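Containing compact mmCIF, C-alpha atoms: target-v7.txt.
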```
# COMPACT_ATOMS: atom_id res chain seq x y z
CA MET A 1 100.76 211.53 221.77
CA GLN A 2 100.86 210.71 218.09
CA LEU A 3 98.32 211.99 215.57
CA ARG A 4 97.90 211.77 211.82
CA TYR A 5 97.53 214.87 209.67
CA ALA A 6 96.11 214.01 206.24
CA PHE A 7 96.38 216.31 203.22
CA ARG A 8 95.19 215.92 199.65
CA LEU A 9 97.85 215.37 196.97
CA TYR A 10 97.54 216.33 193.30
CA PRO A 11 100.27 214.44 191.39
CA ASP A 12 100.67 215.00 187.67
CA THR A 13 100.66 212.23 185.07
CA VAL A 14 104.37 211.39 185.44
CA GLN A 15 104.14 211.35 189.23
CA ARG A 16 101.06 209.12 189.13
CA THR A 17 103.01 206.65 187.02
CA ALA A 18 105.89 206.73 189.51
CA LEU A 19 103.47 206.26 192.42
CA ALA A 20 101.81 203.32 190.66
CA ARG A 21 105.27 201.79 190.18
CA ALA A 22 106.05 202.26 193.90
CA PHE A 23 102.69 200.77 194.92
CA GLY A 24 103.36 197.75 192.73
CA CYS A 25 106.91 197.17 193.99
CA ALA A 26 105.83 197.41 197.62
CA ARG A 27 103.00 194.98 196.93
CA VAL A 28 105.36 192.48 195.28
CA VAL A 29 107.82 192.59 198.18
CA PHE A 30 104.98 192.11 200.68
CA ASN A 31 103.66 189.11 198.74
CA ASP A 32 107.16 187.63 198.44
CA ALA A 33 107.56 187.91 202.22
CA VAL A 34 104.23 186.16 202.84
CA ARG A 35 105.15 183.46 200.31
CA ALA A 36 108.53 182.87 201.98
CA ARG A 37 106.85 182.55 205.37
CA GLU A 38 104.29 180.09 204.00
CA HIS A 39 107.00 177.95 202.37
CA ALA A 40 108.89 177.85 205.67
CA ARG A 41 105.73 176.84 207.55
CA THR A 42 104.91 174.09 205.03
CA ALA A 43 108.48 172.72 205.19
CA GLY A 44 108.47 172.82 208.99
CA GLU A 45 111.36 175.26 209.09
CA SER A 46 111.79 178.33 211.28
CA PHE A 47 110.48 181.59 209.93
CA PRO A 48 113.10 183.77 208.21
CA THR A 49 113.91 187.01 210.01
CA VAL A 50 113.37 190.48 208.59
CA GLY A 51 117.09 190.80 207.91
CA GLU A 52 117.18 187.54 205.96
CA LEU A 53 114.11 188.52 203.96
CA SER A 54 115.57 191.96 203.24
CA LYS A 55 118.75 190.44 201.88
CA LYS A 56 116.97 187.82 199.78
CA LEU A 57 113.87 189.67 198.57
CA ILE A 58 115.37 193.12 198.03
CA THR A 59 119.16 193.21 197.85
CA GLU A 60 119.68 189.97 195.93
CA ALA A 61 116.40 190.24 194.01
CA LYS A 62 117.51 193.53 192.43
CA GLN A 63 120.42 191.66 190.82
CA THR A 64 118.11 189.24 189.00
CA ALA A 65 116.39 189.87 185.67
CA SER A 66 112.92 189.05 187.05
CA ARG A 67 113.14 191.62 189.89
CA ALA A 68 115.54 194.23 188.49
CA TRP A 69 112.73 196.81 188.39
CA LEU A 70 112.73 196.93 192.20
CA GLY A 71 115.65 199.33 191.90
CA GLU A 72 113.41 201.93 190.24
CA VAL A 73 111.75 202.87 193.56
CA SER A 74 113.07 204.00 196.92
CA SER A 75 114.51 201.16 199.01
CA VAL A 76 112.76 202.56 202.10
CA VAL A 77 109.39 201.77 200.53
CA LEU A 78 110.44 198.15 200.07
CA GLN A 79 111.81 197.88 203.60
CA GLN A 80 108.57 199.24 205.01
CA ALA A 81 106.62 196.64 203.04
CA LEU A 82 108.67 193.94 204.77
CA ARG A 83 107.96 195.52 208.15
CA ASP A 84 104.25 195.59 207.34
CA ALA A 85 104.36 191.84 206.66
CA GLU A 86 106.26 191.29 209.92
CA THR A 87 103.68 193.34 211.85
CA ALA A 88 100.83 191.42 210.24
CA TYR A 89 102.30 188.08 211.35
CA ARG A 90 103.04 189.42 214.84
CA ASN A 91 99.44 190.55 215.24
CA PHE A 92 98.18 187.24 213.89
CA PHE A 93 100.18 185.19 216.40
CA ALA A 94 99.22 187.53 219.23
CA SER A 95 95.58 187.06 218.29
CA LEU A 96 95.97 183.27 218.31
CA LYS A 97 97.48 183.39 221.80
CA GLY A 98 94.77 185.71 223.09
CA ALA A 99 97.24 188.50 223.81
CA ARG A 100 95.57 190.83 221.31
CA LYS A 101 92.19 192.32 222.14
CA GLY A 102 89.30 192.33 219.73
CA ALA A 103 88.14 189.88 217.10
CA LYS A 104 90.41 187.07 215.97
CA MET A 105 92.74 188.01 213.16
CA GLY A 106 93.38 185.81 210.16
CA ALA A 107 96.76 185.02 208.66
CA PRO A 108 98.23 187.62 206.27
CA ARG A 109 97.01 187.27 202.71
CA PHE A 110 98.49 188.22 199.37
CA LYS A 111 97.79 191.74 198.14
CA SER A 112 96.25 192.22 194.71
CA ARG A 113 96.96 194.89 192.14
CA LYS A 114 93.18 195.23 191.87
CA ASP A 115 92.85 196.31 195.50
CA ASN A 116 91.02 199.61 195.70
CA ARG A 117 93.40 201.02 198.32
CA GLN A 118 97.15 201.26 197.75
CA SER A 119 99.73 202.81 200.07
CA ILE A 120 103.46 203.27 200.60
CA ARG A 121 105.33 204.69 203.58
CA PHE A 122 108.43 206.88 203.74
CA THR A 123 110.37 207.21 207.00
CA ALA A 124 112.99 209.80 207.83
CA ASN A 125 115.67 207.58 206.24
CA ALA A 126 114.07 208.17 202.84
CA ARG A 127 115.07 211.85 203.01
CA TRP A 128 111.70 213.14 201.89
CA SER A 129 111.11 216.83 202.50
CA ILE A 130 108.66 219.70 202.17
CA THR A 131 109.92 222.33 199.76
CA ASP A 132 109.80 226.09 200.31
CA SER A 133 106.94 226.29 197.82
CA GLY A 134 104.89 223.83 199.88
CA ARG A 135 105.32 220.70 197.78
CA LEU A 136 106.03 217.24 199.12
CA ASN A 137 109.33 216.05 197.65
CA LEU A 138 109.40 212.23 197.56
CA PRO A 139 112.44 210.20 196.41
CA LYS A 140 112.17 208.91 192.82
CA ILE A 141 108.70 210.45 192.52
CA GLY A 142 109.26 214.20 192.58
CA ALA A 143 107.75 217.28 194.19
CA VAL A 144 104.03 216.59 194.49
CA PRO A 145 101.60 219.53 195.00
CA VAL A 146 99.82 219.46 198.37
CA LYS A 147 96.58 221.13 199.43
CA TRP A 148 97.54 222.43 202.88
CA SER A 149 94.53 222.96 205.13
CA ARG A 150 96.44 223.56 208.38
CA THR A 151 99.93 223.90 209.74
CA LEU A 152 102.04 220.96 210.84
CA PRO A 153 102.80 221.59 214.55
CA SER A 154 106.14 219.75 214.45
CA GLN A 155 108.45 217.80 212.19
CA PRO A 156 106.69 214.59 211.02
CA SER A 157 108.39 211.28 211.70
CA SER A 158 106.99 209.58 208.59
CA VAL A 159 104.61 210.12 205.70
CA THR A 160 102.29 207.58 204.10
CA VAL A 161 101.06 208.16 200.55
CA ILE A 162 97.61 206.65 200.02
CA LYS A 163 95.48 206.13 196.94
CA ASP A 164 91.87 205.40 197.88
CA ALA A 165 89.10 203.65 195.96
CA ALA A 166 87.92 206.95 194.48
CA GLY A 167 91.33 207.54 192.85
CA ARG A 168 92.29 210.32 195.27
CA TYR A 169 95.81 210.70 196.67
CA PHE A 170 96.56 211.66 200.27
CA ALA A 171 99.68 212.27 202.35
CA SER A 172 99.28 211.15 205.96
CA PHE A 173 101.92 212.59 208.33
CA VAL A 174 102.59 211.14 211.79
CA ILE A 175 103.09 213.97 214.28
CA ASP A 176 104.20 213.91 217.92
CA THR A 177 102.06 216.52 219.68
CA ASP A 178 103.14 218.70 222.59
CA PRO A 179 100.90 218.02 225.64
CA HIS A 180 101.56 221.49 227.11
CA ALA A 181 100.57 223.20 223.88
CA ASP A 182 97.46 221.02 223.59
CA ALA A 183 96.42 221.89 227.15
CA THR A 184 96.33 225.60 226.30
CA ARG A 185 94.08 225.08 223.28
CA MET A 186 91.03 224.08 225.34
CA PRO A 187 89.39 226.47 227.83
CA GLU A 188 88.90 225.48 231.46
CA SER A 189 85.53 223.86 232.14
CA ASN A 190 83.82 222.24 235.10
CA GLN A 191 80.86 220.94 233.09
CA MET A 192 80.01 217.27 232.71
CA ALA A 193 77.69 215.71 230.15
CA GLY A 194 76.04 212.37 229.56
CA ILE A 195 75.38 211.30 225.97
CA ASP A 196 72.68 208.92 224.82
CA LEU A 197 73.34 207.81 221.24
CA GLY A 198 70.42 206.77 219.07
CA LEU A 199 68.95 206.51 215.60
CA THR A 200 65.94 208.85 215.77
CA HIS A 201 68.33 211.50 217.06
CA PHE A 202 72.07 211.03 216.74
CA ALA A 203 72.63 212.12 220.34
CA VAL A 204 70.66 213.51 223.26
CA LEU A 205 72.66 215.27 225.98
CA SER A 206 71.89 215.26 229.67
CA ASP A 207 71.20 219.01 229.60
CA GLY A 208 68.33 218.45 227.16
CA ARG A 209 70.08 219.36 223.91
CA VAL A 210 69.18 217.19 220.93
CA ILE A 211 71.54 216.61 217.99
CA ASP A 212 69.62 215.45 214.95
CA SER A 213 70.97 212.59 212.86
CA PRO A 214 72.15 213.82 209.42
CA ARG A 215 71.61 210.36 207.87
CA PHE A 216 74.16 210.91 205.14
CA LEU A 217 73.79 207.44 203.62
CA ARG A 218 69.99 207.56 203.59
CA ARG A 219 70.00 210.94 201.84
CA ALA A 220 72.44 209.71 199.18
CA GLU A 221 70.72 206.35 198.60
CA LYS A 222 68.90 207.43 195.45
CA LYS A 223 72.09 208.64 193.77
CA LEU A 224 74.04 205.60 194.94
CA LYS A 225 71.37 203.25 193.66
CA ARG A 226 71.44 204.89 190.24
CA SER A 227 75.24 204.78 189.96
CA GLN A 228 75.39 201.16 191.12
CA ARG A 229 72.74 200.22 188.56
CA GLU A 230 74.87 201.80 185.84
CA LEU A 231 77.91 199.87 187.08
CA SER A 232 76.08 196.54 186.95
CA ARG A 233 75.28 197.09 183.25
CA LYS A 234 78.88 197.62 182.16
CA GLN A 235 80.92 194.83 180.67
CA LYS A 236 83.52 193.43 183.04
CA GLY A 237 87.05 194.49 182.15
CA SER A 238 85.97 197.41 180.01
CA LYS A 239 87.06 201.02 180.46
CA ASN A 240 83.45 202.11 180.85
CA ARG A 241 83.09 199.76 183.79
CA GLU A 242 86.15 201.31 185.44
CA LYS A 243 84.65 204.77 184.94
CA ALA A 244 81.38 203.59 186.48
CA ARG A 245 83.26 202.02 189.41
CA LEU A 246 85.05 205.31 190.08
CA LYS A 247 81.70 207.10 190.01
CA VAL A 248 80.31 204.75 192.67
CA ALA A 249 83.46 205.03 194.78
CA ARG A 250 83.38 208.83 194.66
CA ALA A 251 79.73 208.86 195.72
CA TYR A 252 80.52 206.67 198.72
CA ALA A 253 83.61 208.74 199.53
CA LYS A 254 81.47 211.86 199.61
CA VAL A 255 79.15 210.22 202.16
CA THR A 256 82.08 209.01 204.26
CA ASP A 257 83.79 212.41 204.28
CA ALA A 258 80.57 214.20 205.28
CA ARG A 259 79.99 211.77 208.15
CA ARG A 260 83.58 212.11 209.38
CA GLU A 261 83.34 215.91 209.24
CA PHE A 262 80.14 215.83 211.29
CA HIS A 263 81.72 213.52 213.88
CA HIS A 264 84.84 215.70 214.13
CA GLN A 265 82.92 218.93 214.64
CA LEU A 266 80.54 217.47 217.22
CA SER A 267 83.23 215.60 219.19
CA THR A 268 85.48 218.68 219.29
CA LYS A 269 82.60 220.84 220.54
CA LEU A 270 81.72 218.36 223.29
CA ILE A 271 85.35 218.01 224.39
CA ARG A 272 85.77 221.80 224.45
CA ASP A 273 82.62 222.45 226.49
CA ASN A 274 82.90 219.62 229.05
CA GLN A 275 85.61 218.45 231.42
CA ALA A 276 84.08 214.96 231.71
CA ILE A 277 81.80 213.04 229.34
CA GLY A 278 79.89 209.83 229.89
CA VAL A 279 78.83 207.64 226.97
CA GLU A 280 77.42 204.14 226.59
CA ASP A 281 79.61 201.30 225.35
CA LEU A 282 77.23 200.10 222.64
CA ALA A 283 77.45 196.67 221.01
CA VAL A 284 77.73 198.04 217.48
CA LYS A 285 78.68 194.70 215.93
CA GLY A 286 75.63 193.05 217.42
CA LEU A 287 73.29 195.85 216.34
CA ALA A 288 74.79 195.69 212.83
CA ARG A 289 73.39 192.16 212.47
CA THR A 290 69.79 193.26 213.03
CA ARG A 291 67.22 194.89 210.76
CA LEU A 292 68.62 198.25 211.88
CA ALA A 293 72.04 197.49 210.34
CA LYS A 294 71.96 200.17 207.64
CA SER A 295 70.88 202.88 210.08
CA VAL A 296 73.50 201.79 212.64
CA HIS A 297 76.30 201.96 210.07
CA ASP A 298 74.96 205.28 208.80
CA ALA A 299 75.18 206.77 212.31
CA GLY A 300 78.80 205.68 212.80
CA TRP A 301 78.71 205.46 216.60
CA ALA A 302 82.01 203.59 216.89
CA GLN A 303 83.92 206.24 214.92
CA PHE A 304 82.35 209.03 216.97
CA VAL A 305 83.22 207.42 220.32
CA ALA A 306 86.78 206.74 219.10
CA MET A 307 87.15 210.45 218.30
CA LEU A 308 85.89 211.38 221.75
CA GLU A 309 88.38 208.95 223.27
CA TYR A 310 91.54 210.22 221.61
CA LYS A 311 90.56 213.89 221.88
CA ALA A 312 89.86 213.46 225.60
CA ALA A 313 93.29 211.89 226.01
CA ARG A 314 94.92 214.69 224.05
CA TYR A 315 93.32 217.64 225.81
CA GLY A 316 93.25 216.28 229.35
CA ARG A 317 89.52 215.61 229.49
CA THR A 318 87.83 212.56 231.02
CA LEU A 319 85.78 210.09 229.03
CA VAL A 320 83.90 207.39 230.94
CA LYS A 321 82.28 204.50 229.10
CA ILE A 322 79.17 203.03 230.73
CA GLY A 323 78.57 199.30 230.45
CA ARG A 324 76.16 198.28 227.71
CA PHE A 325 74.00 196.40 230.23
CA GLU A 326 73.44 199.46 232.41
CA PRO A 327 69.60 199.97 232.54
CA THR A 328 69.72 203.64 231.55
CA SER A 329 66.40 203.49 229.71
CA GLN A 330 64.64 201.58 232.50
CA THR A 331 65.66 203.67 235.50
CA CYS A 332 63.90 206.84 236.62
CA SER A 333 66.44 209.66 236.76
CA ALA A 334 64.37 211.45 239.41
CA CYS A 335 63.93 208.76 242.07
CA GLY A 336 66.22 205.98 240.83
CA ILE A 337 63.50 203.32 240.69
CA LYS A 338 63.89 200.70 237.95
CA ASN A 339 60.63 200.53 235.96
CA GLY A 340 61.52 197.56 233.78
CA PRO A 341 62.29 197.14 230.07
CA LYS A 342 60.36 199.07 227.44
CA PRO A 343 60.00 198.47 223.67
CA LEU A 344 61.67 200.90 221.29
CA ASN A 345 58.38 202.45 220.21
CA VAL A 346 57.84 203.82 223.72
CA ARG A 347 59.45 207.27 223.57
CA GLU A 348 57.84 208.68 226.74
CA TRP A 349 56.91 206.98 229.98
CA THR A 350 55.75 207.89 233.47
CA CYS A 351 57.52 206.60 236.57
CA THR A 352 55.18 204.42 238.64
CA ALA A 353 56.90 205.47 241.87
CA CYS A 354 57.20 209.27 241.66
CA GLY A 355 54.93 210.03 238.70
CA THR A 356 57.59 211.90 236.70
CA LEU A 357 57.01 212.02 232.94
CA HIS A 358 60.25 211.12 231.12
CA ASP A 359 61.46 211.48 227.58
CA ARG A 360 63.16 208.16 226.94
CA ASP A 361 66.39 209.52 225.44
CA HIS A 362 66.77 212.50 227.80
CA ASN A 363 66.22 210.27 230.81
CA ALA A 364 68.83 207.82 229.54
CA ALA A 365 71.34 210.64 229.01
CA ILE A 366 70.85 211.81 232.62
CA ASN A 367 71.36 208.26 233.88
CA VAL A 368 74.53 207.97 231.77
CA LYS A 369 75.82 211.17 233.35
CA THR A 370 74.99 209.90 236.84
CA ALA A 371 76.71 206.57 236.28
CA ALA A 372 79.73 208.30 234.76
CA GLY A 373 79.95 210.64 237.75
CA LEU A 374 79.99 207.69 240.12
CA ALA A 375 82.74 206.04 238.08
CA VAL A 376 84.88 209.19 238.08
CA ALA A 377 84.39 209.75 241.82
CA ALA A 378 85.32 206.16 242.58
CA CYS A 379 88.56 206.41 240.63
CA GLY A 380 89.40 209.92 241.77
CA ALA A 381 88.63 212.71 239.32
CA PRO A 382 90.04 213.83 237.05
CA VAL A 383 91.05 210.56 235.43
CA ARG A 384 93.17 210.92 232.31
CA PRO A 385 92.72 208.00 229.90
CA GLY A 386 95.71 206.23 228.42
CA LEU A 387 97.22 207.13 225.08
CA VAL A 388 95.60 205.81 221.93
CA PRO A 389 97.08 205.03 218.48
CA ALA A 390 97.61 207.78 215.96
CA GLN A 391 94.32 209.18 214.73
CA ARG A 392 93.17 211.86 212.34
CA GLU A 393 93.37 215.38 213.74
CA GLU A 394 90.36 217.68 213.92
CA THR A 395 89.11 218.87 210.57
CA GLY A 396 88.79 222.45 209.47
CA SER A 397 91.24 225.04 208.27
CA HIS A 398 93.64 226.61 210.73
CA GLY A 399 95.15 229.00 208.23
CA SER A 400 97.73 228.60 205.52
CA PRO A 401 100.95 226.98 206.71
CA PRO A 402 103.85 229.42 207.10
CA GLU A 403 107.23 228.93 205.50
CA PRO A 404 108.65 226.38 205.97
CA ARG A 405 105.62 224.10 206.07
CA ALA A 406 107.08 221.71 208.67
CA ALA A 407 108.16 223.50 211.82
```

What would you get if you wrote out this structure as structure tokens?
Amino acid sequence: MQLRYAFRLYPDTVQRTALARAFGCARVVFNDAVRAREHARTAGESFPTVGELSKKLITEAKQTASRAWLGEVSSVVLQQALRDAETAYRNFFASLKGARKGAKMGAPRFKSRKDNRQSIRFTANARWSITDSGRLNLPKIGAVPVKWSRTLPSQPSSVTVIKDAAGRYFASFVIDTDPHADATRMPESNQMAGIDLGLTHFAVLSDGRVIDSPRFLRRAEKKLKRSQRELSRKQKGSKNREKARLKVARAYAKVTDARREFHHQLSTKLIRDNQAIGVEDLAVKGLARTRLAKSVHDAGWAQFVAMLEYKAARYGRTLVKIGRFEPTSQTCSACGIKNGPKPLNVREWTCTACGTLHDRDHNAAINVKTAAGLAVAACGAPVRPGLVPAQREETGSHGSPPEPRAA
């Protein structure tokens, strides 16, 4: 299974200039590839292959006066930009044919130098390395200081350098994890839990535990409103406006990081304590179009469930998603009688058949657990989910990395 380990980078002024140059060159090559594809489509010709684009847009372009500066950055960065364009078109065509799940994807668009997020990728061919002093040595950029928060379990296959909207730099390593080593990290457990996600409380478990919603965005609204008001008063194109934009971006980044940390800690705890977990497959996109949109986005249910999914796959746990139309809030968990729909303001109700007084969320969590248990038994427990794309690893410090940093 592949995971991403992200670490904060602290480049100096010269290295920031070199990174900006690499970001710009990769962006130009990507745009040239999209432009070549569009010209071929307009002329009714066949799309040029990656090899043809590499020869024309990189090798031959370096010999011209208008693109000679492409030779100032690593060629691997430029090749990866071409592969990103190829992947974007492949996903676009797969989406048109219905072979790709999810919402329909649009055609690749040109990247702008004003985009808030910039990134470049180095593969093993770039000969990047981690020095004995713990710095990340990148070709034609230099040895960049890294804030190591945990040890890399194995040799990374690639590293992506990212600059986010808040002006922060990160190195994202792709790691192939060892399933046997991962299995020993989690204790044996025969517990099973059902989770009812909500807005009043972030989650209510089938055993009665209640996890309060931190509401990170709501708590930071006053500060965000003030910083956005300051941004709106700055003159467009001025340096003061850029400073105000960075202030807004950093405020939002702080909220995002706090929410992600909360999701990581809670999902890891649930995966460690339970062998099987049941959770509802909520229609987040639909709920985000209602008057509850801000609260739904503030909760971040989709990110939390995605963390549960990949951590369950990594550590050999079982995650069962219950259909969104399952009447978990309408069914009595004691006798199984369906009592009909109830408005959201009804937080407690009494079963008309057996007379049991139910807390709405706790009753729903028990019903989620019951439905998940039936699904697991029908498939033959334990059911190990399939592998998922590379995700961020659990947060928190696991000690300073030994020498060398990459095992």

Item to complete: Compile the contact shell of region 248-257 of chain A as an MDAnalysis selection string: residues with an atom at most 9 Å away, counting all atoms listed in the file, same-chain residues fewer than 6 positions apart removed.
Response: chainID A and resid 164:167 216:217 220 223:224 227:228 231

File of the preceding selection, C-alpha atoms, as a PDB file, in the frame of the given file:
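Result file is out-v9.pdb:
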```
ATOM      1  CA  ASP A 164      91.870 205.400 197.880  1.00  0.00           C
ATOM      2  CA  ALA A 165      89.100 203.650 195.960  1.00  0.00           C
ATOM      3  CA  ALA A 166      87.920 206.950 194.480  1.00  0.00           C
ATOM      4  CA  GLY A 167      91.330 207.540 192.850  1.00  0.00           C
ATOM      5  CA  PHE A 216      74.160 210.910 205.140  1.00  0.00           C
ATOM      6  CA  LEU A 217      73.790 207.440 203.620  1.00  0.00           C
ATOM      7  CA  ALA A 220      72.440 209.710 199.180  1.00  0.00           C
ATOM      8  CA  LYS A 223      72.090 208.640 193.770  1.00  0.00           C
ATOM      9  CA  LEU A 224      74.040 205.600 194.940  1.00  0.00           C
ATOM     10  CA  SER A 227      75.240 204.780 189.960  1.00  0.00           C
ATOM     11  CA  GLN A 228      75.390 201.160 191.120  1.00  0.00           C
ATOM     12  CA  LEU A 231      77.910 199.870 187.080  1.00  0.00           C
TER      13      LEU A 231
END
```

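Nearest to Thr17 (chain A) of all the residues A:Glu72, A:Asp32, A:Glu326, A:Glu38 is A:Glu72, based on only C-alpha atoms.
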
Item to complete: To one decimal in Å, tell me the separation between CA of Ala364 (chain A) and CA of Thr200 (chain A).
Response: 14.1 Å

Practice prompt. Point out the residue among A:Arg90, A:Arg27, A:Arg41, A:His180 with the least atom-to-atom distance to Lys114 (chain A), counting all atoms listed in the file.
Written response: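 Answer, going by the shortest atom-to-atom distance: A:Arg27.
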
Fill in: Given all atoms listed in the file as the counted atoms, nearest of A:Thr318, A:Lys56, A:Gly198, A:Gln330 to Trp301 (chain A)
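Smallest separation from Trp301 (chain A) among the options: A:Gly198.
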
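Using only C-alpha atoms, the shortest contact distance between Ala18 (chain A) and any of A:Gly142, A:Asp212, A:Gly373, A:Asp281 is found at A:Gly142.
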
Practice prompt. Please provide as number ranges by chain all residues within 12 Å of Ala312 (chain A), with the sequence filter that same-chain residues fewer than 3 positions apart are discarded (counting all atoms listed in the file).
Written response: A: 1, 179, 182-183, 186, 267-278, 305-309, 315-320, 382-388

Fill in: Neighbours of point (104.1, 187.7, 200.4) within 9 Å, using only C-alpha atoms, written as a list in words
Arg27, Val28, Val29, Phe30, Asn31, Asp32, Ala33, Val34, Arg35, Ala36, Arg37, Glu38, Leu82, Ala85, Pro108, Arg109, Phe110 and Lys111 of chain A

Could you write out the selected residues, including C-alpha atoms, as a PDB file, in the frame of the given file?
```
ATOM      1  CA  ARG A  27     103.000 194.980 196.930  1.00  0.00           C
ATOM      2  CA  VAL A  28     105.360 192.480 195.280  1.00  0.00           C
ATOM      3  CA  VAL A  29     107.820 192.590 198.180  1.00  0.00           C
ATOM      4  CA  PHE A  30     104.980 192.110 200.680  1.00  0.00           C
ATOM      5  CA  ASN A  31     103.660 189.110 198.740  1.00  0.00           C
ATOM      6  CA  ASP A  32     107.160 187.630 198.440  1.00  0.00           C
ATOM      7  CA  ALA A  33     107.560 187.910 202.220  1.00  0.00           C
ATOM      8  CA  VAL A  34     104.230 186.160 202.840  1.00  0.00           C
ATOM      9  CA  ARG A  35     105.150 183.460 200.310  1.00  0.00           C
ATOM     10  CA  ALA A  36     108.530 182.870 201.980  1.00  0.00           C
ATOM     11  CA  ARG A  37     106.850 182.550 205.370  1.00  0.00           C
ATOM     12  CA  GLU A  38     104.290 180.090 204.000  1.00  0.00           C
ATOM     13  CA  LEU A  82     108.670 193.940 204.770  1.00  0.00           C
ATOM     14  CA  ALA A  85     104.360 191.840 206.660  1.00  0.00           C
ATOM     15  CA  PRO A 108      98.230 187.620 206.270  1.00  0.00           C
ATOM     16  CA  ARG A 109      97.010 187.270 202.710  1.00  0.00           C
ATOM     17  CA  PHE A 110      98.490 188.220 199.370  1.00  0.00           C
ATOM     18  CA  LYS A 111      97.790 191.740 198.140  1.00  0.00           C
TER      19      LYS A 111
END
```

Fill in: Å distance separating CA of Tyr10 (chain A) from CA of Val144 (chain A), one decimal place
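Going from CA of Tyr10 (chain A) over to CA of Val144 (chain A) covers 6.6 Å.
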
Worksheet item: Hey, which of A:Pro48, A:Pro145, A:Gly286, A:Pro327 ends up closest to Asp132 (chain A)? Count only C-alpha atoms.
Response: A:Pro145

Worksheet item: Pick the closest to Arg8 (chain A) from A:Thr184, A:Gly323, A:Ala203, A:Arg135: which is it, counting all atoms listed in the file?
Response: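 For Arg8 (chain A), the nearest of the given residues is A:Arg135.
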
Discussion item. Neighbouring residues of Ile58 (chain A) were defined as those with any atom within 12 Å, considering all atoms listed in the file; residues of the same chain fewer than 3 positions away were excluded. Please report them as an NGL selection string.
Written reply: :A and (25-26 or 28-30 or 32-33 or 50-55 or 61-64 or 66-82)

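CA of Leu3 (chain A) is positioned 28.7 Å from CA of Arg324 (chain A).
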